[in-house]
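Note sheet for the following structure.
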Amino acid sequence: MIVDSNLREATVLDFPRLMEIRMAVKENTLSDPALIPYDDYVKFCFNQGKGWVYEVDSIIVGFAIVDLLGNNIWALFMHPDFEKKGIGKKLHDTMINWYFEQTETAVWLGTEANSRAEQFYRKSGWQEIGLYGKNEIKYEMTFQNWTSDKDK
């Protein structure tokens with residue numbers, strides 16, 4: 001396994017920057033920052049799952065958080081200035097590898113229809129399984145699909 005020194009586990013000191021990135025995204029925008037309070041970051045990173053950040057020149061440019069109890073990708077966001085550089089893929093793969101080291105239960109996520117995120121998840125092997133919320137598509141990754149893709 002190749003270690004990327006720019007990728008590390010998230011800490012509570014990172015949360016203000018994660019919240020900034022979350023508000024800066026161009027897709028899957030958040031109309032009200034109060035909808036995702038600081039306590040949610042704590043809950044999903046430390047009580048129910050785990051989170052990672054990616055830094056460029058010591059500045060966090062993207063993050064990923066998985067909810068192990070809810071079997072759900074809670075967050076995978078990049079600052080718009082750092083999209084399309086392969087960083088999201090590194091965060092994604094690190095998160096999914098860790099998740100499937102903990103459990104073989106399928107993991108799911110919801111994302112906007114007709115978005116770049118939707119294309120990213122399809123290319124990453126996620127399978128569409130229905131609708132979620134308003135105008136979101138629900139995707140699933142099974143342990144078998146993830147591990148069989150790694151064998152190729």
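We name chains A, B, ... following the order of the structure tokens; residues begin at 1 in each chain, and ligands are numbered from 1 as shown.
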
Notebook entry, point to check: A:Pro16: which residues within 12 Å, counting only C-alpha atoms, same-chain residues fewer than 3 positions away excluded, as a VMD selection string?
Noted result: chain A and resid 10 to 13 19 to 23 33 37 to 39 41 to 42 60

Using only N, CA and C atoms, please write the residues we just selected to a file, as a CSV table (one decimal), in the first residue's frame.
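The resulting result.csv:
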```csv
chain,number,residue,atom,x,y,z
A,10,ALA,N,-8.8,12.8,10.4
A,10,ALA,CA,-9.3,14.1,10.8
A,10,ALA,C,-9.3,14.2,12.4
A,11,THR,N,-9.1,15.4,12.8
A,11,THR,CA,-9.1,15.7,14.3
A,11,THR,C,-10.1,16.8,14.5
A,12,VAL,N,-10.5,17.0,15.7
A,12,VAL,CA,-11.5,18.1,16.0
A,12,VAL,C,-10.9,19.5,15.6
A,13,LEU,N,-9.6,19.6,15.6
A,13,LEU,CA,-9.1,20.9,15.2
A,13,LEU,C,-9.3,21.2,13.7
A,19,MET,N,-16.0,22.5,7.7
A,19,MET,CA,-17.2,23.3,7.6
A,19,MET,C,-17.1,24.3,6.5
A,20,GLU,N,-15.9,25.0,6.4
A,20,GLU,CA,-15.7,26.0,5.3
A,20,GLU,C,-15.8,25.3,3.9
A,21,ILE,N,-15.1,24.1,3.8
A,21,ILE,CA,-15.1,23.4,2.5
A,21,ILE,C,-16.6,23.0,2.2
A,22,ARG,N,-17.3,22.5,3.2
A,22,ARG,CA,-18.7,22.1,2.9
A,22,ARG,C,-19.5,23.2,2.4
A,23,MET,N,-19.3,24.4,2.9
A,23,MET,CA,-20.1,25.6,2.4
A,23,MET,C,-19.5,26.1,1.0
A,33,PRO,N,-26.0,26.6,7.0
A,33,PRO,CA,-24.9,25.9,7.7
A,33,PRO,C,-25.4,25.2,9.0
A,37,PRO,N,-24.5,20.9,12.2
A,37,PRO,CA,-23.7,21.6,13.2
A,37,PRO,C,-22.4,20.9,13.6
A,38,TYR,N,-21.5,21.5,14.3
A,38,TYR,CA,-20.2,21.0,14.7
A,38,TYR,C,-20.4,19.7,15.4
A,39,ASP,N,-21.4,19.5,16.2
A,39,ASP,CA,-21.6,18.2,16.9
A,39,ASP,C,-21.8,17.0,16.0
A,41,TYR,N,-20.2,16.6,13.2
A,41,TYR,CA,-18.8,16.2,12.8
A,41,TYR,C,-18.2,15.4,13.8
A,42,VAL,N,-18.4,15.8,15.1
A,42,VAL,CA,-17.8,15.0,16.2
A,42,VAL,C,-18.5,13.6,16.2
A,60,ILE,N,-6.1,22.0,4.5
A,60,ILE,CA,-7.0,21.0,4.1
A,60,ILE,C,-7.8,21.4,2.9
```

Notebook entry, point to check: Using only C-alpha atoms, which of A:Leu69, A:Ala64, A:Ile137, A:Ile59 sits nearest A:Thr103?
Noted result: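 Nearest candidate to A:Thr103 out of A:Leu69, A:Ala64, A:Ile137, A:Ile59: A:Leu69.
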
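Minimum distance to A:Tyr54 across A:Leu7, A:Ala24, A:Arg17, A:Ile96 (counting only C-alpha atoms) occurs at A:Leu7.
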
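Between A:Leu109 and the residues A:Lys43, A:Lys26, A:Lys138, A:Arg8, the shortest atom-to-atom distance, using only C-alpha atoms, involves A:Lys138.
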
Check: Between atom CA of A:Val61 and atom CA of A:Asn135, what is the distance, to one decimal in Å?
Finding: 26.8 Å

Next item on the list: Please report, as a list in words, each residue of stretch 91-123 of chain A to which DSSP assigns helix (DSSP H, G or I) when run on this structure's backbone.
Entry: Leu91, His92, Asp93, Thr94, Met95, Ile96, Asn97, Trp98, Tyr99, Phe100, Glu101, Gln102, Arg116, Ala117, Glu118, Gln119, Phe120, Tyr121, Arg122 and Lys123 of chain A

Can you write out the residues you just picked, keeping N, CA and C atoms, as an mmCIF file, in the first residue's frame?
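The file below, out_28.cif, is the result:
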```
data_model
loop_
_atom_site.group_PDB
_atom_site.id
_atom_site.type_symbol
_atom_site.label_atom_id
_atom_site.label_comp_id
_atom_site.auth_asym_id
_atom_site.auth_seq_id
_atom_site.Cartn_x
_atom_site.Cartn_y
_atom_site.Cartn_z
ATOM 1 N N LEU A 91 -9.232 9.967 -1.106
ATOM 2 C CA LEU A 91 -10.051 10.012 0.112
ATOM 3 C C LEU A 91 -11.106 8.903 0.078
ATOM 4 N N HIS A 92 -11.792 8.784 -1.046
ATOM 5 C CA HIS A 92 -12.831 7.764 -1.217
ATOM 6 C C HIS A 92 -12.271 6.367 -0.942
ATOM 7 N N ASP A 93 -11.186 6.026 -1.604
ATOM 8 C CA ASP A 93 -10.644 4.678 -1.480
ATOM 9 C C ASP A 93 -10.154 4.390 -0.068
ATOM 10 N N THR A 94 -9.533 5.370 0.570
ATOM 11 C CA THR A 94 -9.090 5.202 1.959
ATOM 12 C C THR A 94 -10.285 4.935 2.862
ATOM 13 N N MET A 95 -11.336 5.724 2.689
ATOM 14 C CA MET A 95 -12.544 5.586 3.508
ATOM 15 C C MET A 95 -13.213 4.230 3.293
ATOM 16 N N ILE A 96 -13.369 3.826 2.041
ATOM 17 C CA ILE A 96 -14.053 2.560 1.748
ATOM 18 C C ILE A 96 -13.204 1.370 2.185
ATOM 19 N N ASN A 97 -11.903 1.445 1.991
ATOM 20 C CA ASN A 97 -11.029 0.364 2.481
ATOM 21 C C ASN A 97 -11.170 0.204 3.996
ATOM 22 N N TRP A 98 -11.134 1.323 4.721
ATOM 23 C CA TRP A 98 -11.279 1.253 6.182
ATOM 24 C C TRP A 98 -12.638 0.682 6.557
ATOM 25 N N TYR A 99 -13.680 1.175 5.900
ATOM 26 C CA TYR A 99 -15.034 0.711 6.205
ATOM 27 C C TYR A 99 -15.117 -0.811 6.085
ATOM 28 N N PHE A 100 -14.632 -1.351 4.969
ATOM 29 C CA PHE A 100 -14.752 -2.790 4.751
ATOM 30 C C PHE A 100 -13.735 -3.600 5.560
ATOM 31 N N GLU A 101 -12.786 -2.955 6.221
ATOM 32 C CA GLU A 101 -11.951 -3.645 7.211
ATOM 33 C C GLU A 101 -12.720 -3.830 8.516
ATOM 34 N N GLN A 102 -13.765 -2.991 8.709
ATOM 35 C CA GLN A 102 -14.562 -3.056 9.937
ATOM 36 C C GLN A 102 -15.762 -3.992 9.803
ATOM 37 N N ARG A 116 -21.676 15.882 -11.049
ATOM 38 C CA ARG A 116 -20.356 15.272 -11.215
ATOM 39 C C ARG A 116 -20.129 14.217 -10.141
ATOM 40 N N ALA A 117 -20.686 14.433 -8.955
ATOM 41 C CA ALA A 117 -20.556 13.440 -7.892
ATOM 42 C C ALA A 117 -21.204 12.129 -8.320
ATOM 43 N N GLU A 118 -22.364 12.220 -8.949
ATOM 44 C CA GLU A 118 -23.026 11.000 -9.418
ATOM 45 C C GLU A 118 -22.122 10.255 -10.401
ATOM 46 N N GLN A 119 -21.521 10.968 -11.316
ATOM 47 C CA GLN A 119 -20.606 10.340 -12.284
ATOM 48 C C GLN A 119 -19.408 9.704 -11.568
ATOM 49 N N PHE A 120 -18.876 10.401 -10.571
ATOM 50 C CA PHE A 120 -17.740 9.886 -9.802
ATOM 51 C C PHE A 120 -18.096 8.553 -9.147
ATOM 52 N N TYR A 121 -19.255 8.502 -8.488
ATOM 53 C CA TYR A 121 -19.634 7.273 -7.794
ATOM 54 C C TYR A 121 -19.897 6.132 -8.767
ATOM 55 N N ARG A 122 -20.525 6.419 -9.880
ATOM 56 C CA ARG A 122 -20.742 5.374 -10.894
ATOM 57 C C ARG A 122 -19.411 4.817 -11.384
ATOM 58 N N LYS A 123 -18.457 5.698 -11.686
ATOM 59 C CA LYS A 123 -17.135 5.256 -12.150
ATOM 60 C C LYS A 123 -16.391 4.473 -11.074
#
```

Considering only C-alpha atoms, return as a compact mmCIF listing (two decimals) with N, CA, C and O atoms, in the first residue's frame whatever protein or nucleic-acid residues lie within 9 Å of A:Glu9, sequence-local ones (same chain, fewer than 4 positions apart) excluded.
```txt
# COMPACT_ATOMS: atom_id res chain seq x y z
N LYS A 50 -15.49 7.40 11.15
CA LYS A 50 -14.14 7.93 11.06
C LYS A 50 -14.07 8.90 9.90
O LYS A 50 -14.81 8.78 8.93
N GLY A 51 -13.13 9.85 9.99
CA GLY A 51 -12.95 10.84 8.94
C GLY A 51 -11.48 11.01 8.58
O GLY A 51 -10.59 10.73 9.38
N TRP A 52 -11.27 11.49 7.35
CA TRP A 52 -9.94 11.74 6.83
C TRP A 52 -9.92 13.11 6.15
O TRP A 52 -10.94 13.57 5.65
N VAL A 53 -8.75 13.70 6.12
CA VAL A 53 -8.56 14.96 5.40
C VAL A 53 -7.37 14.81 4.46
O VAL A 53 -6.50 13.96 4.67
N TYR A 54 -7.38 15.65 3.45
CA TYR A 54 -6.25 15.71 2.52
C TYR A 54 -5.74 17.14 2.52
O TYR A 54 -6.52 18.09 2.38
```

Notebook entry, point to check: Skipping near chain neighbours, those fewer than 5 positions away, what residues fall within 10 Å of A:Leu131 using only C-alpha atoms, listed as an MDAnalysis selection string?
Noted result: chainID A and resid 110:113 136:139

Export of the given selection (N, CA, C and O atoms) as a CSV table (one decimal), in the first residue's frame:
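Printed below is part-v6.csv as written:
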```csv
chain,number,residue,atom,x,y,z
A,110,GLY,N,-26.3,9.0,-0.7
A,110,GLY,CA,-27.2,9.7,-1.5
A,110,GLY,C,-26.5,10.9,-2.2
A,110,GLY,O,-25.7,11.5,-1.5
A,111,THR,N,-26.7,11.1,-3.4
A,111,THR,CA,-26.1,12.3,-4.1
A,111,THR,C,-27.0,12.8,-5.1
A,111,THR,O,-27.9,12.1,-5.6
A,112,GLU,N,-26.8,14.1,-5.5
A,112,GLU,CA,-27.7,14.8,-6.5
A,112,GLU,C,-27.6,14.0,-7.8
A,112,GLU,O,-26.6,13.6,-8.3
A,113,ALA,N,-28.8,13.9,-8.4
A,113,ALA,CA,-28.9,13.4,-9.8
A,113,ALA,C,-28.3,14.3,-10.7
A,113,ALA,O,-28.2,15.6,-10.5
A,136,GLU,N,-32.3,13.1,-5.0
A,136,GLU,CA,-31.0,12.4,-4.9
A,136,GLU,C,-31.2,11.0,-5.3
A,136,GLU,O,-32.3,10.4,-5.2
A,137,ILE,N,-30.1,10.4,-5.7
A,137,ILE,CA,-30.1,9.0,-6.1
A,137,ILE,C,-29.3,8.3,-4.9
A,137,ILE,O,-28.3,8.7,-4.4
A,138,LYS,N,-29.9,7.1,-4.6
A,138,LYS,CA,-29.2,6.3,-3.5
A,138,LYS,C,-28.4,5.3,-4.2
A,138,LYS,O,-28.8,4.6,-5.1
A,139,TYR,N,-27.1,5.2,-3.7
A,139,TYR,CA,-26.2,4.2,-4.3
A,139,TYR,C,-25.7,3.3,-3.1
A,139,TYR,O,-25.7,3.6,-2.0
```

Next item on the list: Report as a ChimeraX atom specification: the residues of chain A with a DSSP assignment of strand (DSSP E), based on the backbone of this structure.
Entry: /A:7-9,49-56,59-67,72-78,107-112,127-132,136-141

Writer output for current selection, N, CA and C atoms, as a short mmCIF file (atom, residue, chain, number, x, y, z; two decimals), in the first residue's frame:
```cif
data_model
loop_
_atom_site.label_atom_id
_atom_site.label_comp_id
_atom_site.auth_asym_id
_atom_site.auth_seq_id
_atom_site.Cartn_x
_atom_site.Cartn_y
_atom_site.Cartn_z
N LEU A 7 -2.49 12.77 3.26
CA LEU A 7 -3.74 12.17 3.72
C LEU A 7 -3.57 11.72 5.16
N ARG A 8 -4.51 12.13 6.02
CA ARG A 8 -4.43 11.73 7.43
C ARG A 8 -5.83 11.69 8.03
N GLU A 9 -5.92 11.11 9.22
CA GLU A 9 -7.19 11.08 9.94
C GLU A 9 -7.56 12.49 10.40
N GLY A 49 -18.10 6.66 13.45
CA GLY A 49 -17.32 6.34 12.26
C GLY A 49 -15.94 6.93 12.31
N LYS A 50 -15.49 7.40 11.15
CA LYS A 50 -14.14 7.93 11.06
C LYS A 50 -14.07 8.90 9.90
N GLY A 51 -13.13 9.85 9.99
CA GLY A 51 -12.95 10.84 8.94
C GLY A 51 -11.48 11.01 8.58
N TRP A 52 -11.27 11.49 7.35
CA TRP A 52 -9.94 11.74 6.83
C TRP A 52 -9.92 13.11 6.15
N VAL A 53 -8.75 13.70 6.12
CA VAL A 53 -8.56 14.96 5.40
C VAL A 53 -7.37 14.81 4.46
N TYR A 54 -7.38 15.65 3.45
CA TYR A 54 -6.25 15.71 2.52
C TYR A 54 -5.74 17.14 2.52
N GLU A 55 -4.43 17.29 2.70
CA GLU A 55 -3.81 18.61 2.78
C GLU A 55 -2.89 18.87 1.59
N VAL A 56 -2.88 20.10 1.15
CA VAL A 56 -1.93 20.59 0.16
C VAL A 56 -1.28 21.81 0.78
N ILE A 59 -2.72 22.90 4.09
CA ILE A 59 -4.10 23.40 4.13
C ILE A 59 -5.03 22.28 3.68
N ILE A 60 -6.06 22.03 4.47
CA ILE A 60 -7.01 20.98 4.13
C ILE A 60 -7.81 21.41 2.90
N VAL A 61 -7.83 20.52 1.89
CA VAL A 61 -8.54 20.83 0.64
C VAL A 61 -9.69 19.87 0.37
N GLY A 62 -9.79 18.80 1.15
CA GLY A 62 -10.88 17.84 0.98
C GLY A 62 -10.99 16.95 2.20
N PHE A 63 -12.17 16.33 2.33
CA PHE A 63 -12.37 15.44 3.47
C PHE A 63 -13.41 14.38 3.15
N ALA A 64 -13.34 13.30 3.90
CA ALA A 64 -14.27 12.19 3.77
C ALA A 64 -14.60 11.66 5.15
N ILE A 65 -15.89 11.33 5.36
CA ILE A 65 -16.33 10.81 6.66
C ILE A 65 -17.33 9.69 6.39
N VAL A 66 -17.12 8.56 7.06
CA VAL A 66 -18.03 7.42 6.93
C VAL A 66 -18.69 7.14 8.28
N ASP A 67 -19.99 6.85 8.23
CA ASP A 67 -20.79 6.52 9.41
C ASP A 67 -20.89 5.00 9.48
N ASN A 72 -23.15 4.33 6.08
CA ASN A 72 -23.42 5.42 5.16
C ASN A 72 -22.20 6.31 4.99
N ILE A 73 -22.00 6.79 3.76
CA ILE A 73 -20.98 7.81 3.53
C ILE A 73 -21.61 9.13 3.94
N TRP A 74 -21.10 9.70 5.00
CA TRP A 74 -21.67 10.94 5.51
C TRP A 74 -21.17 12.14 4.74
N ALA A 75 -19.91 12.09 4.29
CA ALA A 75 -19.36 13.24 3.57
C ALA A 75 -18.17 12.82 2.71
N LEU A 76 -18.10 13.41 1.54
CA LEU A 76 -16.91 13.37 0.69
C LEU A 76 -16.94 14.64 -0.12
N PHE A 77 -16.16 15.62 0.31
CA PHE A 77 -16.19 16.95 -0.31
C PHE A 77 -14.79 17.46 -0.57
N MET A 78 -14.67 18.17 -1.69
CA MET A 78 -13.42 18.81 -2.08
C MET A 78 -13.65 20.31 -2.20
N VAL A 107 -22.45 -0.48 2.20
CA VAL A 107 -22.48 0.92 2.58
C VAL A 107 -23.27 1.68 1.51
N TRP A 108 -23.96 2.74 1.92
CA TRP A 108 -24.78 3.49 0.96
C TRP A 108 -24.50 4.98 1.06
N LEU A 109 -24.96 5.69 0.04
CA LEU A 109 -24.87 7.15 0.04
C LEU A 109 -25.96 7.70 -0.85
N GLY A 110 -26.25 8.97 -0.66
CA GLY A 110 -27.17 9.68 -1.54
C GLY A 110 -26.45 10.87 -2.15
N THR A 111 -26.70 11.12 -3.43
CA THR A 111 -26.09 12.27 -4.09
C THR A 111 -27.03 12.82 -5.14
N GLU A 112 -26.82 14.08 -5.49
CA GLU A 112 -27.66 14.77 -6.47
C GLU A 112 -27.64 14.04 -7.81
N GLN A 127 -23.46 1.10 -7.15
CA GLN A 127 -24.66 0.67 -7.87
C GLN A 127 -25.87 1.47 -7.41
N GLU A 128 -26.62 1.99 -8.37
CA GLU A 128 -27.84 2.73 -8.06
C GLU A 128 -28.89 1.75 -7.52
N ILE A 129 -29.51 2.12 -6.38
CA ILE A 129 -30.51 1.23 -5.79
C ILE A 129 -31.85 1.92 -5.54
N GLY A 130 -31.99 3.18 -5.94
CA GLY A 130 -33.26 3.86 -5.75
C GLY A 130 -33.08 5.35 -5.57
N LEU A 131 -34.09 5.96 -4.96
CA LEU A 131 -34.07 7.40 -4.72
C LEU A 131 -33.90 7.65 -3.23
N TYR A 132 -33.39 8.86 -2.92
CA TYR A 132 -33.18 9.24 -1.54
C TYR A 132 -33.47 10.73 -1.41
N GLU A 136 -32.30 13.14 -5.03
CA GLU A 136 -31.03 12.43 -4.86
C GLU A 136 -31.21 10.98 -5.26
N ILE A 137 -30.11 10.41 -5.72
CA ILE A 137 -30.08 9.00 -6.07
C ILE A 137 -29.34 8.27 -4.94
N LYS A 138 -29.87 7.12 -4.57
CA LYS A 138 -29.24 6.31 -3.54
C LYS A 138 -28.37 5.25 -4.20
N TYR A 139 -27.13 5.17 -3.73
CA TYR A 139 -26.16 4.22 -4.26
C TYR A 139 -25.70 3.29 -3.15
N GLU A 140 -25.21 2.13 -3.56
CA GLU A 140 -24.72 1.14 -2.61
C GLU A 140 -23.42 0.53 -3.13
N MET A 141 -22.53 0.24 -2.19
CA MET A 141 -21.31 -0.50 -2.49
C MET A 141 -21.31 -1.71 -1.57
#
```
